[in-house]
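Written below as structure tokens is the structure these notes are about.
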Amino acid sequence: MLKMIRAQWIVPISRPPIQDGALLIHRDRILQVCKATSLIKNYPKVLIEDLGSSMVLPPLVNAHTHLEYSCLKGKIKPSQKFTDWLEQMMTLRHLLTPEEMIRGIQNTVKSLKKTGTGLIGEVTNTGLAAPILQKEGLRGSIFYELVGNNSTLKDYFKIEKKLRREAPSFKIAPACHAPHTVPEKLLLEMRSHLNKTKAITSIHLAESLEETEWIQHHQGPFAKLFEPFPKLSKNSKLGQGLGAIEYLQKHHFLNPRVLCVHCVDPLPREIQKLKKIHCPVVLCPRSNLYTGAGIAPLKKLISARIPLALGTDSLASNTDLDLWNEMKALKNLFPFLSYPIILRMATLNGAQALGFGKEYGSLERGKKARFIYVQTESQKIKDPLSFLIEESHEEINGYNS
């Protein structure tokens, strides 16, 4: 059965906003996106659901989260130095119980839905978020993260079937935590597995100056942190002057299916390497400020035409996981960014980076009929994208056919 969704503004993302726009939906797919008057003319008997003074847009895409750390909200203070934050994090995470983590995940997932997030890139060491995300109707990828000098792909294979059973609507894949926190052998095993399966994966990359100093010169504040991990410290390719991106490139690990998260401190020459490999970058601006990691070189990344998505990271390094607040922070940090670019980072770019671009991220013919809509008080909104990002939204409704 055909159905028409009408609203004051339709915000397709892939094209400019449409005033008095409409979506024509058949079952769970979008057939047309255009002016409401055109659809009514062509389909005079169509069932119309009029959302009135509202803005309709695709669900937001949070491309990088760690939901199992939600219970750490407010327990780690913002830091000036990344290693200060990291030491606190390493101490507290080992004290967490599964019960604490599950309660935190449940509360946070509800908050994600209320603020309009529909697609997510969840990085996990436990898999505890999987059944909760499935139950709450979110979609996306769950990356089972491997970290430490004794990690192997066997750790992932032990939990893979369980994750697929608990979250059948999600893509499941293994992920290395970071180039310097997994043994070289695992990196090569992962490369072989990912090349075989063609799965999308995620890795924390060039997150801080301290990371770069350790990978490039095998020295700096990380030296003390890595004393208990001899397999990682003895990696023969660390300390040879390579940056984090160059190190992975030397192992032929990077490709367009690898989400490079953070990229706060890439060497200038490495940005062009990312461009040639077509790797997407997931920015987490508020988290990077919170941890003392710094600010990503956004102008250089944009100039290199690197695909940019947006994430919030965890509540251990952020005050909330509200992507609207992340977008506002991005605009404040980089005033030159246009509203269309920012909103695209939080929707279509994220969906494409996670491998869901054919069904989510924009309102287009053939895509899933899933969207969110924001109620507005004003009837005279001149710039809907500015309104969406700059104004506070007390209630965001979701539609899932």
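The way I read the labels, and the way they are meant: chains A, B, ... in the order of the structure tokens, residue 1 as the first residue of every chain, and ligand 1 as the first ligand shown, with later ones counted on from there.
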
Go through region 64-154 of chain A and flag each residue having an atom no more than 12 Å from region 202-213 of chain A; for those, report the closest pair of atoms plus their distance in Å to one decimal, using only C-alpha atoms, ordered by chain and rising number, as JSON lines.
```
{"residue": "A:His64", "atom": "CA", "partner": "A:Ser202", "partner_atom": "CA", "distance": 8.7}
{"residue": "A:Thr65", "atom": "CA", "partner": "A:Ser202", "partner_atom": "CA", "distance": 11.0}
{"residue": "A:Gln80", "atom": "CA", "partner": "A:Ser208", "partner_atom": "CA", "distance": 11.8}
{"residue": "A:Lys81", "atom": "CA", "partner": "A:Glu210", "partner_atom": "CA", "distance": 9.0}
{"residue": "A:Phe82", "atom": "CA", "partner": "A:Ser208", "partner_atom": "CA", "distance": 6.9}
{"residue": "A:Thr83", "atom": "CA", "partner": "A:Glu210", "partner_atom": "CA", "distance": 7.5}
{"residue": "A:Asp84", "atom": "CA", "partner": "A:Glu210", "partner_atom": "CA", "distance": 11.1}
{"residue": "A:Trp85", "atom": "CA", "partner": "A:Ser208", "partner_atom": "CA", "distance": 11.7}
{"residue": "A:Leu86", "atom": "CA", "partner": "A:Glu210", "partner_atom": "CA", "distance": 11.0}
{"residue": "A:Gly121", "atom": "CA", "partner": "A:Ser202", "partner_atom": "CA", "distance": 8.7}
{"residue": "A:Glu122", "atom": "CA", "partner": "A:Ser202", "partner_atom": "CA", "distance": 9.6}
{"residue": "A:Val123", "atom": "CA", "partner": "A:Ser202", "partner_atom": "CA", "distance": 8.0}
{"residue": "A:Thr124", "atom": "CA", "partner": "A:Ser202", "partner_atom": "CA", "distance": 11.0}
{"residue": "A:Ser141", "atom": "CA", "partner": "A:Ser202", "partner_atom": "CA", "distance": 9.9}
{"residue": "A:Ile142", "atom": "CA", "partner": "A:Ser202", "partner_atom": "CA", "distance": 9.7}
{"residue": "A:Phe143", "atom": "CA", "partner": "A:Ser202", "partner_atom": "CA", "distance": 7.0}
{"residue": "A:Tyr144", "atom": "CA", "partner": "A:Ser202", "partner_atom": "CA", "distance": 9.4}
{"residue": "A:Glu145", "atom": "CA", "partner": "A:Ser202", "partner_atom": "CA", "distance": 8.6}
{"residue": "A:Leu146", "atom": "CA", "partner": "A:Ile203", "partner_atom": "CA", "distance": 10.0}
{"residue": "A:Val147", "atom": "CA", "partner": "A:Ile203", "partner_atom": "CA", "distance": 10.7}
```

Saved selection, atoms kept: C-alpha atoms, as a compact mmCIF listing (two decimals), in the first residue's frame:
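As written to disk, part_8.txt reads:
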```
# COMPACT_ATOMS: atom_id res chain seq x y z
CA HIS A 64 32.00 5.38 16.87
CA THR A 65 30.83 4.49 20.36
CA GLN A 80 45.05 18.32 29.54
CA LYS A 81 47.26 15.35 28.64
CA PHE A 82 46.00 12.23 26.90
CA THR A 83 48.09 9.90 29.06
CA ASP A 84 46.54 11.36 32.24
CA TRP A 85 43.08 10.46 30.96
CA LEU A 86 44.31 7.07 29.75
CA GLY A 121 29.24 1.78 15.01
CA GLU A 122 29.70 0.10 18.38
CA VAL A 123 33.15 -1.02 19.53
CA THR A 124 33.06 -3.60 22.30
CA SER A 141 27.91 -2.55 13.09
CA ILE A 142 29.33 -4.20 16.19
CA PHE A 143 33.10 -4.36 16.18
CA TYR A 144 34.52 -6.87 18.64
CA GLU A 145 37.76 -5.23 19.70
CA LEU A 146 41.01 -7.09 20.24
CA VAL A 147 43.63 -5.41 22.43
```

Per residue of region 85-158 of chain A within 12 Å of region 313-332 of chain A, what are the shortest atom pair and its distance in Å to one decimal, counting only C-alpha atoms, with rows by chain and residue number, as a Markdown table?
```
| residue | atom | partner | partner_atom | distance |
| --- | --- | --- | --- | --- |
| A:Trp85 | CA | A:Ser317 | CA | 8.5 |
| A:Leu86 | CA | A:Ser317 | CA | 9.9 |
| A:Gln88 | CA | A:Ala316 | CA | 9.7 |
| A:Met89 | CA | A:Ala316 | CA | 7.5 |
| A:Met90 | CA | A:Ala316 | CA | 10.9 |
| A:Leu92 | CA | A:Ala316 | CA | 9.8 |
| A:Arg93 | CA | A:Ala316 | CA | 9.6 |
| A:Met101 | CA | A:Leu315 | CA | 11.6 |
| A:Gly104 | CA | A:Leu315 | CA | 9.6 |
| A:Ile105 | CA | A:Leu315 | CA | 10.3 |
| A:Asn107 | CA | A:Leu321 | CA | 11.4 |
| A:Thr108 | CA | A:Leu321 | CA | 7.8 |
| A:Val109 | CA | A:Leu321 | CA | 9.3 |
| A:Lys110 | CA | A:Leu321 | CA | 10.9 |
| A:Ser111 | CA | A:Asp322 | CA | 7.9 |
| A:Leu112 | CA | A:Asp322 | CA | 6.7 |
| A:Lys113 | CA | A:Asp322 | CA | 9.5 |
| A:Lys114 | CA | A:Asp322 | CA | 9.1 |
| A:Thr115 | CA | A:Asp322 | CA | 6.1 |
| A:Gly116 | CA | A:Leu323 | CA | 8.2 |
| A:Thr117 | CA | A:Leu323 | CA | 7.5 |
| A:Gly118 | CA | A:Leu323 | CA | 11.0 |
| A:Leu119 | CA | A:Leu323 | CA | 11.5 |
| A:Ile120 | CA | A:Asp313 | CA | 11.0 |
| A:Gly121 | CA | A:Asp313 | CA | 9.8 |
| A:Glu122 | CA | A:Asp313 | CA | 9.1 |
| A:Val123 | CA | A:Asp313 | CA | 9.1 |
| A:Thr124 | CA | A:Ser314 | CA | 10.9 |
```

- [ ] Skip Arg139 (chain A) itself and residues of its chain fewer than 4 positions away, then list as a VMD selection string all residues within 12 Å of it, counting only C-alpha atoms.
- [x] chain A and resid 59 to 63 109 112 to 113 117 to 122 130 to 135 167 to 172 351 354 to 356 359 to 361 368 370 400

Write a file of the selected residues as a PDB file, in the first residue's frame, keeping C-alpha atoms.
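Below you can see result22.pdb, which holds the result:
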```pdb
ATOM      1  CA  PRO A  59      18.217   8.909  11.385  1.00  0.00           C
ATOM      2  CA  LEU A  60      21.579  10.138  12.652  1.00  0.00           C
ATOM      3  CA  VAL A  61      24.623   7.892  12.396  1.00  0.00           C
ATOM      4  CA  ASN A  62      26.967   7.679  15.372  1.00  0.00           C
ATOM      5  CA  ALA A  63      29.922   5.962  13.723  1.00  0.00           C
ATOM      6  CA  VAL A 109      20.753   3.376  24.249  1.00  0.00           C
ATOM      7  CA  LEU A 112      20.563   7.651  21.774  1.00  0.00           C
ATOM      8  CA  LYS A 113      17.114   6.898  20.372  1.00  0.00           C
ATOM      9  CA  THR A 117      20.434   8.170  16.400  1.00  0.00           C
ATOM     10  CA  GLY A 118      19.328   5.170  14.345  1.00  0.00           C
ATOM     11  CA  LEU A 119      22.594   3.719  13.080  1.00  0.00           C
ATOM     12  CA  ILE A 120      25.659   3.024  15.187  1.00  0.00           C
ATOM     13  CA  GLY A 121      29.243   1.784  15.008  1.00  0.00           C
ATOM     14  CA  GLU A 122      29.701   0.102  18.378  1.00  0.00           C
ATOM     15  CA  ALA A 130      24.472  -6.439  21.331  1.00  0.00           C
ATOM     16  CA  PRO A 131      21.104  -7.742  22.631  1.00  0.00           C
ATOM     17  CA  ILE A 132      20.157  -4.304  23.977  1.00  0.00           C
ATOM     18  CA  LEU A 133      20.820  -2.575  20.653  1.00  0.00           C
ATOM     19  CA  GLN A 134      18.831  -5.248  18.823  1.00  0.00           C
ATOM     20  CA  LYS A 135      15.889  -5.001  21.222  1.00  0.00           C
ATOM     21  CA  ALA A 167      22.040  -8.971  17.171  1.00  0.00           C
ATOM     22  CA  PRO A 168      20.928 -10.453  13.816  1.00  0.00           C
ATOM     23  CA  SER A 169      20.221  -6.995  12.359  1.00  0.00           C
ATOM     24  CA  PHE A 170      23.828  -5.900  12.866  1.00  0.00           C
ATOM     25  CA  LYS A 171      27.016  -6.509  10.938  1.00  0.00           C
ATOM     26  CA  ILE A 172      29.551  -8.250  13.175  1.00  0.00           C
ATOM     27  CA  ALA A 351      26.171   5.249   6.862  1.00  0.00           C
ATOM     28  CA  LEU A 354      29.743   1.599   8.078  1.00  0.00           C
ATOM     29  CA  GLY A 355      28.625  -0.075   4.852  1.00  0.00           C
ATOM     30  CA  PHE A 356      24.945   0.904   5.072  1.00  0.00           C
ATOM     31  CA  GLU A 359      19.799   1.723   2.639  1.00  0.00           C
ATOM     32  CA  TYR A 360      20.398   4.482   5.198  1.00  0.00           C
ATOM     33  CA  GLY A 361      21.902   7.938   5.621  1.00  0.00           C
ATOM     34  CA  LYS A 368      14.637   2.164   3.766  1.00  0.00           C
ATOM     35  CA  ARG A 370      13.222   5.017   8.243  1.00  0.00           C
ATOM     36  CA  ASN A 400      10.202   2.869  11.064  1.00  0.00           C
TER      37      ASN A 400
END
```

Open item on the list: List as a list in words the protein and nucleic acid residues near Asp383 (chain A), meaning an atom at most 12 Å away when only C-alpha atoms are counted, but skip any in the same chain fewer than 5 places from it.
Closed with: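 So, after excluding close chain neighbours, the residues are Trp9, Val11, Pro16, Pro17, Ile18, Gln19, Met55, Ser338, Tyr339, Pro340, Ser378, Leu388, Ile389, Glu390 and Glu391 of chain A.
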
Store the residues picked out above in a file with C-alpha atoms, as an mmCIF file, in the first residue's frame.
```cif
data_model
loop_
_atom_site.group_PDB
_atom_site.id
_atom_site.type_symbol
_atom_site.label_atom_id
_atom_site.label_comp_id
_atom_site.auth_asym_id
_atom_site.auth_seq_id
_atom_site.Cartn_x
_atom_site.Cartn_y
_atom_site.Cartn_z
ATOM 1 C CA TRP A 9 10.540 20.484 5.443
ATOM 2 C CA VAL A 11 15.768 17.155 4.486
ATOM 3 C CA PRO A 16 18.850 20.535 -0.745
ATOM 4 C CA PRO A 17 15.919 20.664 1.722
ATOM 5 C CA ILE A 18 12.407 20.660 0.235
ATOM 6 C CA GLN A 19 9.830 23.037 1.706
ATOM 7 C CA MET A 55 11.400 18.584 9.672
ATOM 8 C CA SER A 338 28.922 24.623 6.347
ATOM 9 C CA TYR A 339 25.774 23.163 7.867
ATOM 10 C CA PRO A 340 25.206 20.783 4.919
ATOM 11 C CA SER A 378 8.095 28.480 13.764
ATOM 12 C CA LEU A 388 18.507 21.685 13.004
ATOM 13 C CA ILE A 389 22.077 22.079 14.255
ATOM 14 C CA GLU A 390 21.891 25.284 16.267
ATOM 15 C CA GLU A 391 18.546 24.880 18.015
#
```

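For the residues A:Leu283, A:Ile271, A:Ala199, A:Cys71, ranking by smallest atom-to-atom distance to Glu100 (chain A) using only C-alpha atoms places A:Cys71 first.
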
TODO: Using only C-alpha atoms, find the one residue out of A:Arg305, A:Arg257, A:His26, A:Arg365 that sits nearest to Gln352 (chain A).
DONE: A:Arg257

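Close contacts of Lys3 (chain A), defined as residues with an atom at most 12 Å away when counting only C-alpha atoms, with chain neighbours fewer than 5 positions off set aside, comprise Ala22, Leu23, Leu24, Ile25, His26, Arg27, Asp28, Arg29, Ile30, Leu31, Gln32, Leu39, Ile40, Tyr43, Pro44, Lys45, Val46, Leu47, Ile48, Glu49, Asp50, Ala369 and Ser401 of chain A.
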
Output C-alpha atoms of each residue in that selection to a file, as a PDB file, in the first residue's frame.
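Dumped to selection21.pdb:
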```pdb
ATOM      1  CA  ALA A  22       6.772  14.670   0.998  1.00  0.00           C
ATOM      2  CA  LEU A  23       7.952  11.086   0.886  1.00  0.00           C
ATOM      3  CA  LEU A  24       6.066   8.465  -1.081  1.00  0.00           C
ATOM      4  CA  ILE A  25       6.470   5.111   0.630  1.00  0.00           C
ATOM      5  CA  HIS A  26       5.588   1.604  -0.453  1.00  0.00           C
ATOM      6  CA  ARG A  27       5.929  -1.019   2.267  1.00  0.00           C
ATOM      7  CA  ASP A  28       9.370  -0.319   3.764  1.00  0.00           C
ATOM      8  CA  ARG A  29      10.920   1.586   0.854  1.00  0.00           C
ATOM      9  CA  ILE A  30      10.962   5.183  -0.359  1.00  0.00           C
ATOM     10  CA  LEU A  31       9.582   5.594  -3.878  1.00  0.00           C
ATOM     11  CA  GLN A  32       9.759   9.375  -4.313  1.00  0.00           C
ATOM     12  CA  LEU A  39       2.726  13.836  -5.199  1.00  0.00           C
ATOM     13  CA  ILE A  40      -0.864  14.722  -4.392  1.00  0.00           C
ATOM     14  CA  TYR A  43      -1.480  10.172  -6.524  1.00  0.00           C
ATOM     15  CA  PRO A  44      -4.794  11.828  -5.582  1.00  0.00           C
ATOM     16  CA  LYS A  45      -6.053   8.845  -3.557  1.00  0.00           C
ATOM     17  CA  VAL A  46      -2.851   8.189  -1.617  1.00  0.00           C
ATOM     18  CA  LEU A  47      -3.066   7.867   2.176  1.00  0.00           C
ATOM     19  CA  ILE A  48      -1.475  10.996   3.669  1.00  0.00           C
ATOM     20  CA  GLU A  49       0.180  11.293   7.077  1.00  0.00           C
ATOM     21  CA  ASP A  50       0.760  15.009   7.625  1.00  0.00           C
ATOM     22  CA  ALA A 369      11.634   4.190   4.905  1.00  0.00           C
ATOM     23  CA  SER A 401       8.011   1.298   8.411  1.00  0.00           C
TER      24      SER A 401
END
```
